[in-house]
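Data from entry.txt: compact mmCIF, C-alpha atoms and all ligand atoms
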# COMPACT_ATOMS: atom_id res chain seq x y z
CA MET A 22 26.93 -2.79 1.49
CA THR A 23 26.03 -1.76 5.02
CA ASP A 24 23.04 0.24 6.20
CA LYS A 25 25.41 3.10 6.90
CA ASP A 26 26.46 3.30 3.23
CA GLU A 27 22.95 2.97 1.87
CA PHE A 28 20.79 5.10 4.18
CA VAL A 29 20.58 8.62 5.56
CA TYR A 30 17.95 9.32 8.26
CA LEU A 31 15.46 12.20 8.01
CA ASP A 32 12.89 13.28 10.60
CA PHE A 33 9.13 12.93 9.99
CA ASP A 34 8.44 16.68 9.71
CA THR A 35 11.09 17.33 7.08
CA ILE A 36 9.85 14.48 4.90
CA PHE A 37 6.18 15.40 5.37
CA ASN A 38 6.76 19.09 4.56
CA PHE A 39 8.87 18.27 1.51
CA MET A 40 6.30 15.81 0.15
CA LYS A 41 3.45 18.24 0.77
CA ASP A 42 5.34 20.99 -1.07
CA VAL A 43 6.06 18.61 -3.93
CA PHE A 44 2.37 17.77 -4.30
CA ILE A 45 1.50 21.49 -4.13
CA GLY A 46 4.20 22.13 -6.74
CA MET A 47 2.46 19.59 -8.99
CA GLY A 48 -0.87 21.42 -8.66
CA VAL A 49 -2.50 19.49 -5.81
CA PRO A 50 -4.57 21.86 -3.59
CA GLU A 51 -2.94 22.42 -0.17
CA GLU A 52 -5.40 20.37 1.93
CA ASP A 53 -5.24 17.45 -0.50
CA ALA A 54 -1.45 17.72 -0.69
CA ALA A 55 -1.40 17.35 3.11
CA THR A 56 -3.59 14.23 2.84
CA CYS A 57 -1.31 12.66 0.20
CA ALA A 58 1.81 13.45 2.25
CA ASP A 59 0.13 12.14 5.41
CA VAL A 60 -0.68 8.76 3.82
CA LEU A 61 2.95 8.44 2.66
CA ILE A 62 4.53 9.49 5.95
CA GLU A 63 2.24 7.14 7.88
CA SER A 64 3.83 4.32 5.90
CA ASP A 65 7.33 5.56 6.79
CA LYS A 66 6.32 5.95 10.44
CA ARG A 67 5.07 2.38 10.49
CA GLY A 68 8.28 1.01 8.98
CA ILE A 69 6.65 0.14 5.63
CA ASP A 70 9.49 1.43 3.49
CA SER A 71 8.05 0.18 0.21
CA HIS A 72 5.09 2.59 0.30
CA GLY A 73 6.28 5.77 2.04
CA CYS A 74 8.42 8.61 0.71
CA SER A 75 10.13 6.11 -1.57
CA ARG A 76 6.92 6.24 -3.63
CA LEU A 77 6.83 10.05 -3.93
CA PHE A 78 8.65 9.88 -7.27
CA MET A 79 6.04 7.50 -8.69
CA TYR A 80 3.22 10.00 -8.04
CA TYR A 81 5.43 12.86 -9.23
CA VAL A 82 6.02 11.15 -12.58
CA ARG A 83 2.35 10.21 -13.00
CA LEU A 84 1.29 13.79 -12.30
CA GLN A 85 4.00 15.14 -14.58
CA ARG A 86 2.82 13.04 -17.52
CA LYS A 87 -0.82 13.94 -16.71
CA GLN A 88 -1.74 10.29 -16.25
CA GLN A 89 -3.60 11.34 -13.12
CA LEU A 90 -5.00 14.72 -12.18
CA PRO A 91 -3.83 16.86 -9.25
CA VAL A 92 -7.28 18.21 -8.47
CA THR A 93 -9.62 15.51 -7.16
CA LYS A 94 -13.23 16.22 -8.05
CA LEU A 95 -15.34 13.60 -6.35
CA THR A 96 -18.78 12.77 -7.71
CA ILE A 97 -21.35 10.76 -5.76
CA VAL A 98 -22.81 8.35 -8.32
CA LYS A 99 -25.26 6.50 -6.07
CA GLU A 100 -25.99 6.62 -2.35
CA THR A 101 -28.12 4.83 0.23
CA PRO A 102 -28.06 5.15 4.06
CA GLY A 103 -25.46 2.37 4.22
CA THR A 104 -23.60 2.61 0.92
CA VAL A 105 -22.04 5.08 -1.45
CA ARG A 106 -20.45 4.85 -4.90
CA ILE A 107 -17.93 7.58 -5.65
CA ASN A 108 -16.26 8.56 -8.91
CA ALA A 109 -12.78 9.99 -8.25
CA ASN A 110 -12.55 11.40 -11.80
CA ASN A 111 -8.90 10.34 -12.14
CA GLY A 112 -7.82 12.43 -9.14
CA MET A 113 -5.53 11.54 -6.26
CA GLY A 114 -6.24 8.06 -4.88
CA GLN A 115 -5.37 9.06 -1.31
CA VAL A 116 -7.85 11.97 -1.32
CA ALA A 117 -10.68 9.85 -2.73
CA ALA A 118 -9.90 6.96 -0.38
CA LYS A 119 -9.80 9.12 2.76
CA LYS A 120 -13.13 10.71 1.88
CA ALA A 121 -14.67 7.31 1.04
CA MET A 122 -13.54 5.65 4.27
CA GLN A 123 -14.84 8.61 6.29
CA MET A 124 -18.21 8.30 4.55
CA ALA A 125 -18.27 4.54 5.32
CA ILE A 126 -17.50 5.28 8.98
CA ASP A 127 -20.17 7.98 9.20
CA LYS A 128 -22.70 5.56 7.75
CA ALA A 129 -21.62 2.81 10.15
CA LYS A 130 -22.17 5.20 13.06
CA LYS A 131 -25.75 5.71 11.84
CA VAL A 132 -26.80 2.26 10.59
CA GLY A 133 -24.18 -0.11 12.04
CA ILE A 134 -22.32 -0.85 8.84
CA GLY A 135 -21.21 1.38 5.97
CA MET A 136 -19.59 0.68 2.65
CA ALA A 137 -18.02 2.90 0.02
CA ILE A 138 -16.82 2.00 -3.45
CA VAL A 139 -14.52 4.23 -5.49
CA GLU A 140 -14.01 4.08 -9.26
CA ASN A 141 -11.82 5.98 -11.71
CA SER A 142 -9.14 6.34 -9.08
CA ASN A 143 -5.40 5.92 -8.69
CA HIS A 144 -2.89 4.23 -6.39
CA TYR A 145 -4.04 4.98 -2.82
CA GLY A 146 -0.89 4.05 -0.87
CA ILE A 147 -0.99 1.79 2.19
CA ALA A 148 -4.39 0.24 2.71
CA GLY A 149 -3.67 0.28 6.45
CA TYR A 150 -4.10 4.07 6.56
CA TYR A 151 -7.82 3.73 5.90
CA ALA A 152 -8.28 0.77 8.26
CA LEU A 153 -6.57 2.89 10.94
CA MET A 154 -9.03 5.73 10.29
CA ALA A 155 -11.81 3.32 11.24
CA THR A 156 -10.13 1.98 14.40
CA LYS A 157 -9.37 5.53 15.59
CA GLN A 158 -13.14 6.10 15.46
CA ASP A 159 -13.93 2.85 17.30
CA CYS A 160 -14.99 1.00 14.16
CA ILE A 161 -13.73 -2.11 12.43
CA GLY A 162 -12.32 -1.16 9.02
CA MET A 163 -11.81 -3.23 5.90
CA THR A 164 -10.41 -2.09 2.60
CA GLY A 165 -8.87 -3.32 -0.61
CA THR A 166 -7.87 -2.03 -4.02
CA ASN A 167 -6.88 -3.43 -7.36
CA ALA A 168 -3.55 -2.49 -8.89
CA ARG A 169 -1.22 -3.05 -11.85
CA PRO A 170 -1.29 -6.72 -13.00
CA SER A 171 1.40 -8.69 -11.15
CA ILE A 172 0.03 -11.97 -9.76
CA ALA A 173 -0.32 -15.06 -11.94
CA PRO A 174 -3.39 -17.19 -11.13
CA THR A 175 -2.56 -20.68 -9.84
CA TRP A 176 -1.37 -22.88 -12.76
CA SER A 177 -0.75 -19.79 -14.95
CA VAL A 178 2.45 -17.81 -15.61
CA GLU A 179 0.72 -14.61 -16.73
CA PRO A 180 0.46 -11.53 -14.49
CA MET A 181 -3.29 -10.91 -14.25
CA LEU A 182 -4.19 -9.65 -10.77
CA GLY A 183 -2.79 -6.72 -8.83
CA THR A 184 -0.97 -7.29 -5.56
CA ASN A 185 -4.45 -6.42 -4.24
CA PRO A 186 -4.11 -5.77 -0.50
CA PHE A 187 -6.95 -7.10 1.66
CA THR A 188 -6.68 -5.17 4.88
CA PHE A 189 -8.47 -5.28 8.23
CA GLY A 190 -8.33 -3.05 11.29
CA VAL A 191 -9.92 -3.85 14.65
CA PRO A 192 -9.93 -1.66 17.77
CA THR A 193 -8.44 -3.30 20.87
CA ASP A 194 -7.50 -2.37 24.42
CA TRP A 195 -3.79 -2.66 23.49
CA ASP A 196 -1.67 0.43 22.78
CA PHE A 197 -2.40 -0.15 19.09
CA PRO A 198 -5.22 -1.60 16.98
CA TRP A 199 -4.98 -4.98 15.25
CA ILE A 200 -4.07 -4.03 11.69
CA ALA A 201 -3.54 -6.86 9.22
CA ASP A 202 -2.34 -4.92 6.20
CA HIS A 203 -0.78 -6.85 3.38
CA ALA A 204 -0.92 -7.80 -0.25
CA THR A 205 -2.53 -11.01 -1.50
CA SER A 206 0.67 -11.75 -3.44
CA ILE A 207 3.41 -13.64 -1.64
CA THR A 208 5.57 -10.53 -1.80
CA GLN A 209 5.52 -7.29 -3.71
CA ARG A 210 7.57 -5.69 -6.44
CA GLY A 211 9.01 -3.15 -3.98
CA LYS A 212 10.70 -5.94 -2.03
CA ILE A 213 12.28 -7.34 -5.21
CA GLU A 214 13.53 -3.83 -6.04
CA THR A 215 15.16 -3.67 -2.61
CA TYR A 216 16.81 -7.06 -3.18
CA ALA A 217 18.02 -5.96 -6.63
CA ARG A 218 19.62 -2.83 -5.13
CA LEU A 219 21.46 -5.00 -2.61
CA ASN A 220 22.47 -7.51 -5.34
CA LYS A 221 20.52 -10.23 -3.53
CA ASP A 222 18.59 -13.07 -5.15
CA ALA A 223 14.81 -13.06 -4.68
CA VAL A 224 13.47 -15.86 -2.48
CA LYS A 225 12.62 -19.01 -4.45
CA GLY A 226 8.85 -19.20 -4.85
CA TRP A 227 8.18 -15.45 -4.91
CA VAL A 228 8.22 -15.27 -8.70
CA ILE A 229 7.28 -17.65 -11.49
CA ASP A 230 8.85 -17.22 -14.95
CA GLU A 231 7.19 -17.77 -18.31
CA ASN A 232 8.35 -21.40 -18.33
CA GLY A 233 6.75 -22.12 -14.98
CA ASN A 234 10.04 -22.15 -13.05
CA ALA A 235 10.80 -20.24 -9.85
CA ALA A 236 12.85 -17.16 -10.85
CA THR A 237 15.41 -15.72 -8.40
CA ASP A 238 17.63 -13.24 -10.30
CA SER A 239 16.06 -10.09 -8.87
CA LYS A 240 17.37 -7.65 -11.52
CA LYS A 241 16.19 -9.91 -14.35
CA ILE A 242 12.83 -10.39 -12.64
CA LEU A 243 12.24 -6.64 -12.60
CA LEU A 244 12.87 -6.41 -16.34
CA ASP A 245 10.92 -9.60 -17.13
CA MET A 246 7.91 -8.43 -15.13
CA LEU A 247 7.65 -5.38 -17.39
CA ASP A 248 7.42 -7.72 -20.40
CA PHE A 249 4.96 -10.09 -18.66
CA LYS A 250 7.67 -12.79 -18.74
CA ALA A 251 7.60 -13.17 -14.95
CA ALA A 252 4.82 -12.85 -12.39
CA LEU A 253 4.48 -12.71 -8.62
CA THR A 254 2.94 -15.76 -7.05
CA PRO A 255 -0.17 -15.46 -4.86
CA LEU A 256 -0.01 -15.95 -1.07
CA GLY A 257 0.92 -19.59 -0.66
CA GLY A 258 3.21 -19.60 -3.70
CA ILE A 259 3.48 -21.71 -6.85
CA GLY A 260 0.89 -24.46 -7.37
CA GLU A 261 -1.55 -25.80 -4.78
CA GLU A 262 0.64 -27.72 -2.31
CA LEU A 263 1.24 -24.75 -0.02
CA GLY A 264 -2.14 -23.20 -0.70
CA GLY A 265 -1.30 -20.89 -3.61
CA HIS A 266 -4.89 -21.27 -4.82
CA LYS A 267 -6.12 -19.68 -1.57
CA GLY A 268 -4.08 -16.52 -2.15
CA TYR A 269 -5.22 -16.50 -5.77
CA ASN A 270 -8.85 -16.57 -4.61
CA TYR A 271 -8.35 -13.78 -2.04
CA ALA A 272 -6.72 -11.64 -4.73
CA THR A 273 -9.65 -12.37 -7.03
CA PHE A 274 -12.16 -11.36 -4.36
CA VAL A 275 -10.36 -8.03 -3.92
CA GLU A 276 -10.41 -7.56 -7.70
CA ILE A 277 -14.16 -8.28 -7.80
CA MET A 278 -14.90 -5.89 -4.92
CA SER A 279 -12.72 -3.20 -6.50
CA SER A 280 -14.01 -3.37 -10.05
CA CYS A 281 -17.31 -5.20 -10.53
CA PHE A 282 -19.72 -2.73 -8.89
CA THR A 283 -18.49 0.10 -11.08
CA GLN A 284 -16.81 1.13 -14.32
CA ALA A 285 -13.35 0.72 -12.74
CA ASN A 286 -10.83 -1.25 -14.78
CA MET A 287 -10.10 -4.87 -13.95
CA LEU A 288 -7.08 -7.18 -14.30
CA GLN A 289 -4.67 -6.32 -17.14
CA ALA A 290 -6.63 -3.19 -18.03
CA CYS A 291 -5.10 -1.70 -14.84
CA LEU A 292 -1.68 -1.45 -16.48
CA GLY A 293 -1.89 2.29 -17.18
CA ILE A 294 -0.56 1.74 -20.69
CA GLY A 295 -2.72 1.85 -23.82
CA LYS A 296 -2.65 -0.26 -27.00
CA ASN A 297 0.02 1.88 -28.65
CA GLY A 298 2.24 2.05 -25.59
CA GLU A 299 0.88 5.43 -24.49
CA PHE A 300 0.22 6.27 -20.82
CA VAL A 301 -3.48 6.16 -19.96
CA PRO A 302 -5.35 6.63 -16.67
CA TYR A 303 -5.27 3.58 -14.38
CA ASN A 304 -8.99 3.81 -13.50
CA LEU A 305 -8.47 1.73 -10.34
CA GLY A 306 -11.22 0.76 -7.94
CA HIS A 307 -11.17 0.56 -4.14
CA PHE A 308 -13.65 -0.58 -1.50
CA PHE A 309 -14.06 0.44 2.13
CA ILE A 310 -16.22 -1.17 4.79
CA ALA A 311 -16.72 0.17 8.31
CA MET A 312 -18.57 -1.74 11.04
CA ASP A 313 -19.56 -0.19 14.34
CA PRO A 314 -19.16 -2.82 17.11
CA SER A 315 -21.46 -0.78 19.33
CA ALA A 316 -24.32 -1.93 17.07
CA PHE A 317 -23.80 -5.33 18.74
CA CYS A 318 -22.27 -4.69 22.16
CA ASP A 319 -20.57 -2.20 24.43
CA ILE A 320 -17.46 -0.90 22.60
CA ASN A 321 -15.20 -1.22 25.66
CA GLU A 322 -16.28 -4.82 26.22
CA PHE A 323 -15.50 -5.51 22.56
CA LYS A 324 -12.04 -3.95 22.85
CA LYS A 325 -11.34 -5.92 26.04
CA LYS A 326 -12.37 -9.14 24.32
CA THR A 327 -10.30 -8.51 21.16
CA GLY A 328 -7.43 -7.56 23.50
CA ASP A 329 -7.84 -10.84 25.43
CA LEU A 330 -7.91 -12.80 22.19
CA LEU A 331 -4.63 -11.20 21.07
CA ARG A 332 -3.07 -11.75 24.52
CA GLN A 333 -3.83 -15.46 24.23
CA LEU A 334 -2.30 -15.61 20.74
CA ALA A 335 0.79 -13.68 21.83
CA ALA A 336 1.25 -16.04 24.79
CA ALA A 337 1.10 -19.20 22.62
CA LYS A 338 4.03 -21.62 23.04
CA LYS A 339 6.91 -20.38 20.90
CA GLN A 340 8.59 -22.21 18.06
CA PRO A 341 12.15 -23.21 19.03
CA GLY A 342 14.50 -20.29 18.27
CA ALA A 343 11.67 -17.72 18.15
CA ASN A 344 11.57 -15.12 20.90
CA HIS A 345 8.26 -13.42 20.19
CA VAL A 346 4.82 -14.24 18.83
CA TYR A 347 3.54 -11.08 17.13
CA VAL A 348 0.03 -9.89 16.49
CA ALA A 349 -0.77 -7.84 13.38
CA GLY A 350 0.02 -4.16 13.83
CA GLU A 351 2.62 -4.80 16.51
CA LYS A 352 5.73 -4.51 14.33
CA GLU A 353 4.43 -1.25 12.88
CA PHE A 354 3.73 0.10 16.39
CA LEU A 355 7.28 -0.81 17.45
CA ALA A 356 8.70 0.74 14.26
CA PHE A 357 6.85 3.96 15.03
CA GLU A 358 8.25 4.09 18.57
CA GLU A 359 11.76 3.57 17.17
CA ARG A 360 11.45 5.97 14.24
CA LYS A 361 10.17 8.80 16.44
CA LYS A 362 13.77 8.83 17.69
CA SER A 363 15.82 7.64 14.70
CA GLY A 364 13.85 9.18 11.85
CA VAL A 365 13.21 7.44 8.53
CA PRO A 366 15.97 5.69 6.57
CA ILE A 367 16.26 7.23 3.10
CA SER A 368 17.91 4.91 0.57
CA LYS A 369 20.35 6.11 -2.10
CA VAL A 370 17.65 5.74 -4.78
CA THR A 371 15.19 7.87 -2.79
CA GLN A 372 17.94 10.43 -2.10
CA LYS A 373 18.46 10.77 -5.86
CA GLN A 374 14.73 11.13 -6.42
CA PHE A 375 14.40 13.79 -3.70
CA LEU A 376 17.28 15.81 -5.17
CA LYS A 377 15.94 15.54 -8.70
CA ILE A 378 12.46 16.69 -7.65
CA ARG A 379 13.90 19.44 -5.42
CA HIS A 380 15.90 20.72 -8.38
CA GLU A 381 13.00 20.56 -10.85
CA LEU A 382 10.46 22.18 -8.50
CA LYS A 383 12.96 24.72 -7.14
CA LEU A 384 12.49 23.59 -3.55
CA GLU A 385 16.07 24.42 -2.54
CA LYS A 386 14.87 25.53 0.91
CA TYR A 387 15.11 21.82 1.80
CA ASP A 388 18.74 21.38 2.79
CA PHE A 389 19.06 17.58 2.81
CA PRO A 390 22.11 15.98 4.45
CA PHE A 391 23.03 14.02 1.29
CA ASP A 392 24.50 14.90 -2.05
CA VAL A 393 24.30 12.22 -4.74
CA ASP A 394 24.36 12.46 -8.53
CA PHE A 395 20.71 12.58 -9.56
CA THR A 396 21.29 13.11 -13.25
CA LYS A 397 21.55 9.43 -14.22
CA GLU A 398 18.98 6.68 -13.94
CA ASP A 399 20.19 3.33 -12.57
CA ALA A 400 19.00 -0.23 -13.22
CA THR A 401 16.27 -0.12 -10.58
CA GLY A 402 14.85 3.27 -11.51
CA TRP A 403 15.88 6.64 -10.09
N1 LIG A 501 -2.06 0.30 -2.91
C1 LIG A 501 -1.66 -0.82 -3.42
O1 LIG A 501 -1.85 -1.08 -4.58
C2 LIG A 501 -0.92 -1.81 -2.56
C3 LIG A 501 -0.65 -3.07 -3.09
C4 LIG A 501 0.01 -4.00 -2.28
C5 LIG A 501 0.42 -3.66 -1.01
N2 LIG A 501 0.15 -2.40 -0.54
C6 LIG A 501 0.59 -2.02 0.81
O2 LIG A 501 1.93 -2.44 1.00
C7 LIG A 501 2.15 -2.61 2.38
C8 LIG A 501 3.02 -3.81 2.60
O3 LIG A 501 2.36 -4.99 2.14
P1 LIG A 501 3.09 -6.42 2.27
O4 LIG A 501 2.25 -7.39 1.59
O5 LIG A 501 4.52 -6.30 1.89
O6 LIG A 501 3.03 -6.61 3.85
P2 LIG A 501 3.92 -7.56 4.77
O7 LIG A 501 4.17 -8.85 4.12
O8 LIG A 501 5.11 -6.77 5.23
O9 LIG A 501 2.94 -7.80 6.01
C9 LIG A 501 2.65 -6.73 6.88
C10 LIG A 501 1.48 -7.10 7.76
O10 LIG A 501 1.72 -8.35 8.41
C11 LIG A 501 1.75 -8.16 9.84
N3 LIG A 501 2.79 -9.04 10.36
C12 LIG A 501 4.11 -9.05 10.07
N4 LIG A 501 4.74 -10.03 10.74
C13 LIG A 501 3.78 -10.66 11.48
C14 LIG A 501 3.78 -11.77 12.37
N5 LIG A 501 4.90 -12.45 12.63
N6 LIG A 501 2.61 -12.12 12.95
C15 LIG A 501 1.47 -11.46 12.68
N7 LIG A 501 1.38 -10.42 11.83
C16 LIG A 501 2.54 -10.02 11.24
C17 LIG A 501 2.07 -6.71 10.04
O11 LIG A 501 1.64 -6.26 11.30
C18 LIG A 501 1.28 -6.09 8.88
O12 LIG A 501 -0.08 -6.03 9.20
C19 LIG A 501 0.79 -2.66 3.03
O13 LIG A 501 0.64 -1.46 3.75
C20 LIG A 501 -0.20 -2.71 1.87
O14 LIG A 501 -1.39 -2.03 2.11
C21 LIG A 501 -0.51 -1.50 -1.28
Could you write out this file's structure as structure tokens?
Ligand SMILES: NC(=O)c1ccc[n+]([C@@H]2O[C@H](COP(=O)([O-])OP(=O)(O)OC[C@H]3O[C@@H](n4cnc5c(N)ncnc54)[C@H](O)[C@@H]3O)[C@@H](O)[C@H]2O)c1
Amino acid sequence: MTDKDEFVYLDFDTIFNFMKDVFIGMGVPEEDAATCADVLIESDKRGIDSHGCSRLFMYYVRLQRKQQLPVTKLTIVKETPGTVRINANNGMGQVAAKKAMQMAIDKAKKVGIGMAIVENSNHYGIAGYYALMATKQDCIGMTGTNARPSIAPTWSVEPMLGTNPFTFGVPTDWDFPWIADHATSITQRGKIETYARLNKDAVKGWVIDENGNAATDSKKILLDMLDFKAALTPLGGIGEELGGHKGYNYATFVEIMSSCFTQANMLQACLGIGKNGEFVPYNLGHFFIAMDPSAFCDINEFKKKTGDLLRQLAAAKKQPGANHVYVAGEKEFLAFEERKKSGVPISKVTQKQFLKIRHELKLEKYDFPFDVDFTKEDATGW
């Protein structure tokens, strides 16, 4: 299968407007719908195909089955000059997260460092969105969230921890900030779904099966993960030899920060499924930390120094066969430059999802340049 068969390209505005209208159609107030669509399109702009418009259907389904609420009523539970604890009351994760990061930044601007914790929330999309909010306001940003159980602790085969991104953003004097935005698992479910669609085997070491072996049949992995018969491995992979225990510990720290200050769920309680198989709220937790470098030094000197540091890393002697040493955030910056011209590749599965939602919400004003049968579900979902 070639890219040409699999993908159709759509421009940013069309996707953003469609997603915003879908959220509005599901009862999300207009301003919040714009926030949700903005978080998703930022992922598409940055080339992170696993978390952009391809995830619209996931939120659509969760809203449809009332597992999460379209109207996000935020309650401040506890606040100090430098910290705030927010209850998202099972609303939209993106709306709660954007508000929380902005509060952390505002506090950092006043007292040097600010931190916000959110409980009773839902999937918030790419963590990098919130780190970027901080860098755009000349702050360092850190964030993480817990998520559905996927990672097995080192020496276990049981999915316990979410893919728990631990994400950092630092302002620089480059054309883009340093944004290290990734999961604490070795890979994520979305990548295995992509491999399954292309009939490719998963990379050995990404997944451990219930017998402790490396599983590679991507379609089987997707089914087995639902039954807890397969788990993602932490950063570093299976066992301790390549440092799997270090990824396991980072994932655990994110879980602690996301759940232990509040009433947010932890570990397998984040499954979103109750004892009798019914859908229940996820009650996820997130954390956000903003630091204002100007509390320590002149902001432009800081950006020059972080820029110099990255220039030295990028100029390091290359591995034979490699033609570029990247710094975090660079690939996403390059993807954005490219996608401004090409648009966003929409896979066959996402095309089906768009058409199904368009039909159900009567959004026929969106005249997409694809026409696929959206009435049947396939092995990897819609
Ligand atoms: N909300 C959630 O529950 C959740 C859970 C997991 C992941 N996510 C999101 O999924 C997205 C993808 O996560 P992922 O784990 O697949 O990320 P990934 O493995 O694709 O890594 C991406 C990060 O690594 C950097 N990077 C890539 N190649 C590099 C290189 N050669 N040198 C230096 N840096 C390099 C990128 O700039 C980027 O910061 C992230 O945006 C993350 O926030 C969200």
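Nearest to A:Ala148 of all the residues A:Gly298, A:Gly260, A:Gly165, A:Pro192 is A:Gly165, counting all atoms listed in the file.
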Report as JSON lines the residues of chain A within 8 Å of ligand LIG 501 (chain A), each with its shortest atom pair and distance in Å (one decimal), using all atoms listed in the file, ordered by chain and increasing residue number.
{"residue": "A:Ser64", "atom": "CA", "partner": "A:LIG501", "partner_atom": "O13", "distance": 6.9}
{"residue": "A:Ile69", "atom": "CA", "partner": "A:LIG501", "partner_atom": "C8", "distance": 6.2}
{"residue": "A:Ser71", "atom": "CA", "partner": "A:LIG501", "partner_atom": "O2", "distance": 6.7}
{"residue": "A:His72", "atom": "CA", "partner": "A:LIG501", "partner_atom": "O2", "distance": 6.0}
{"residue": "A:His144", "atom": "CA", "partner": "A:LIG501", "partner_atom": "N1", "distance": 5.3}
{"residue": "A:Tyr145", "atom": "CA", "partner": "A:LIG501", "partner_atom": "N1", "distance": 5.1}
{"residue": "A:Gly146", "atom": "CA", "partner": "A:LIG501", "partner_atom": "N1", "distance": 4.4}
{"residue": "A:Ile147", "atom": "CA", "partner": "A:LIG501", "partner_atom": "O14", "distance": 3.8}
{"residue": "A:Ala148", "atom": "CA", "partner": "A:LIG501", "partner_atom": "O14", "distance": 3.8}
{"residue": "A:Gly149", "atom": "CA", "partner": "A:LIG501", "partner_atom": "O13", "distance": 5.4}
{"residue": "A:Tyr150", "atom": "CA", "partner": "A:LIG501", "partner_atom": "O13", "distance": 7.8}
{"residue": "A:Thr166", "atom": "CA", "partner": "A:LIG501", "partner_atom": "O1", "distance": 6.1}
{"residue": "A:Asn167", "atom": "CA", "partner": "A:LIG501", "partner_atom": "O1", "distance": 6.2}
{"residue": "A:Ala168", "atom": "CA", "partner": "A:LIG501", "partner_atom": "O1", "distance": 4.8}
{"residue": "A:Arg169", "atom": "CA", "partner": "A:LIG501", "partner_atom": "O1", "distance": 7.6}
{"residue": "A:Gly183", "atom": "CA", "partner": "A:LIG501", "partner_atom": "O1", "distance": 7.1}
{"residue": "A:Thr184", "atom": "CA", "partner": "A:LIG501", "partner_atom": "C4", "distance": 4.7}
{"residue": "A:Asn185", "atom": "CA", "partner": "A:LIG501", "partner_atom": "C3", "distance": 5.2}
{"residue": "A:Pro186", "atom": "CA", "partner": "A:LIG501", "partner_atom": "C4", "distance": 4.8}
{"residue": "A:Phe187", "atom": "CA", "partner": "A:LIG501", "partner_atom": "O14", "distance": 7.5}
{"residue": "A:Thr188", "atom": "CA", "partner": "A:LIG501", "partner_atom": "O14", "distance": 6.7}
{"residue": "A:Trp199", "atom": "CA", "partner": "A:LIG501", "partner_atom": "O11", "distance": 7.8}
{"residue": "A:Ile200", "atom": "CA", "partner": "A:LIG501", "partner_atom": "O12", "distance": 5.1}
{"residue": "A:Ala201", "atom": "CA", "partner": "A:LIG501", "partner_atom": "O12", "distance": 3.6}
{"residue": "A:Asp202", "atom": "CA", "partner": "A:LIG501", "partner_atom": "O12", "distance": 3.9}
{"residue": "A:His203", "atom": "CA", "partner": "A:LIG501", "partner_atom": "O4", "distance": 3.6}
{"residue": "A:Ala204", "atom": "CA", "partner": "A:LIG501", "partner_atom": "O4", "distance": 3.7}
{"residue": "A:Thr205", "atom": "CA", "partner": "A:LIG501", "partner_atom": "O4", "distance": 6.7}
{"residue": "A:Ser206", "atom": "CA", "partner": "A:LIG501", "partner_atom": "O4", "distance": 6.8}
{"residue": "A:Ile207", "atom": "CA", "partner": "A:LIG501", "partner_atom": "O4", "distance": 7.1}
{"residue": "A:Thr208", "atom": "CA", "partner": "A:LIG501", "partner_atom": "O4", "distance": 5.7}
{"residue": "A:Gln209", "atom": "CA", "partner": "A:LIG501", "partner_atom": "O5", "distance": 5.8}
{"residue": "A:Lys212", "atom": "CA", "partner": "A:LIG501", "partner_atom": "O5", "distance": 7.3}
{"residue": "A:Val346", "atom": "CA", "partner": "A:LIG501", "partner_atom": "N5", "distance": 6.5}
{"residue": "A:Tyr347", "atom": "CA", "partner": "A:LIG501", "partner_atom": "N6", "distance": 4.4}
{"residue": "A:Val348", "atom": "CA", "partner": "A:LIG501", "partner_atom": "C15", "distance": 4.4}
{"residue": "A:Ala349", "atom": "CA", "partner": "A:LIG501", "partner_atom": "O11", "distance": 3.6}
{"residue": "A:Gly350", "atom": "CA", "partner": "A:LIG501", "partner_atom": "O11", "distance": 3.7}
{"residue": "A:Glu351", "atom": "CA", "partner": "A:LIG501", "partner_atom": "O11", "distance": 5.5}
{"residue": "A:Lys352", "atom": "CA", "partner": "A:LIG501", "partner_atom": "O11", "distance": 5.4}
{"residue": "A:Glu353", "atom": "CA", "partner": "A:LIG501", "partner_atom": "O11", "distance": 5.9}
| message | For a cutoff of 12 Å around the file-coordinate point (22.6, 11.9, -12.6), which residues qualify once you count all atoms listed in the file? I'd like the result as a list of chain:residue names. | response |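 Those residues lying close to the given coordinates are A:Val370, A:Gln372, A:Lys373, A:Gln374, A:Leu376, A:Lys377, A:His380, A:Asp392, A:Val393, A:Asp394, A:Phe395, A:Thr396, A:Lys397, A:Glu398, A:Asp399, A:Gly402, A:Trp403.
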| Which of these residues is nearest to A:Trp176, using all atoms listed in the file: A:Phe300, A:Phe309, A:Tyr269, A:Phe323? |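 Among the listed residues, the smallest separation from A:Trp176 belongs to A:Tyr269.
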| said: Please report the interatomic distance between atom CA of A:Glu276 and atom CA of A:Glu231 in Å with one decimal. | reply: 22.9 Å
| Contacts of A:Arg83 within 10 Å, only C-alpha atoms, excl. fewer than 5 positions in-chain, as a list in words |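 Here the answer would be Phe78, Gln88, Gln89, Leu90, Pro91, Asn143, Gly293, Phe300, Val301 and Pro302 of chain A.
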| query | Closest to A:Gly133 among A:Glu52, A:Asp248, A:Glu63, A:Asp313, using only C-alpha atoms? | reply |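 Under the stated criterion, the closest residue is A:Asp313.
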| Pairwise distance for atom CA of A:Leu253 and atom CA of A:Val228, rounded to one decimal in Å |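 Computing it gives 4.5 Å between the two atoms.
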| Could you name the residues that touch A:Val116 at 10 Å or less, counting all atoms listed in the file, but leaving out those on the same chain fewer than 3 positions away, as JSON, numbers by chain? | {"A": [52, 53, 54, 55, 56, 57, 60, 92, 93, 94, 95, 109, 112, 113, 119, 120, 121, 142, 143, 145]}
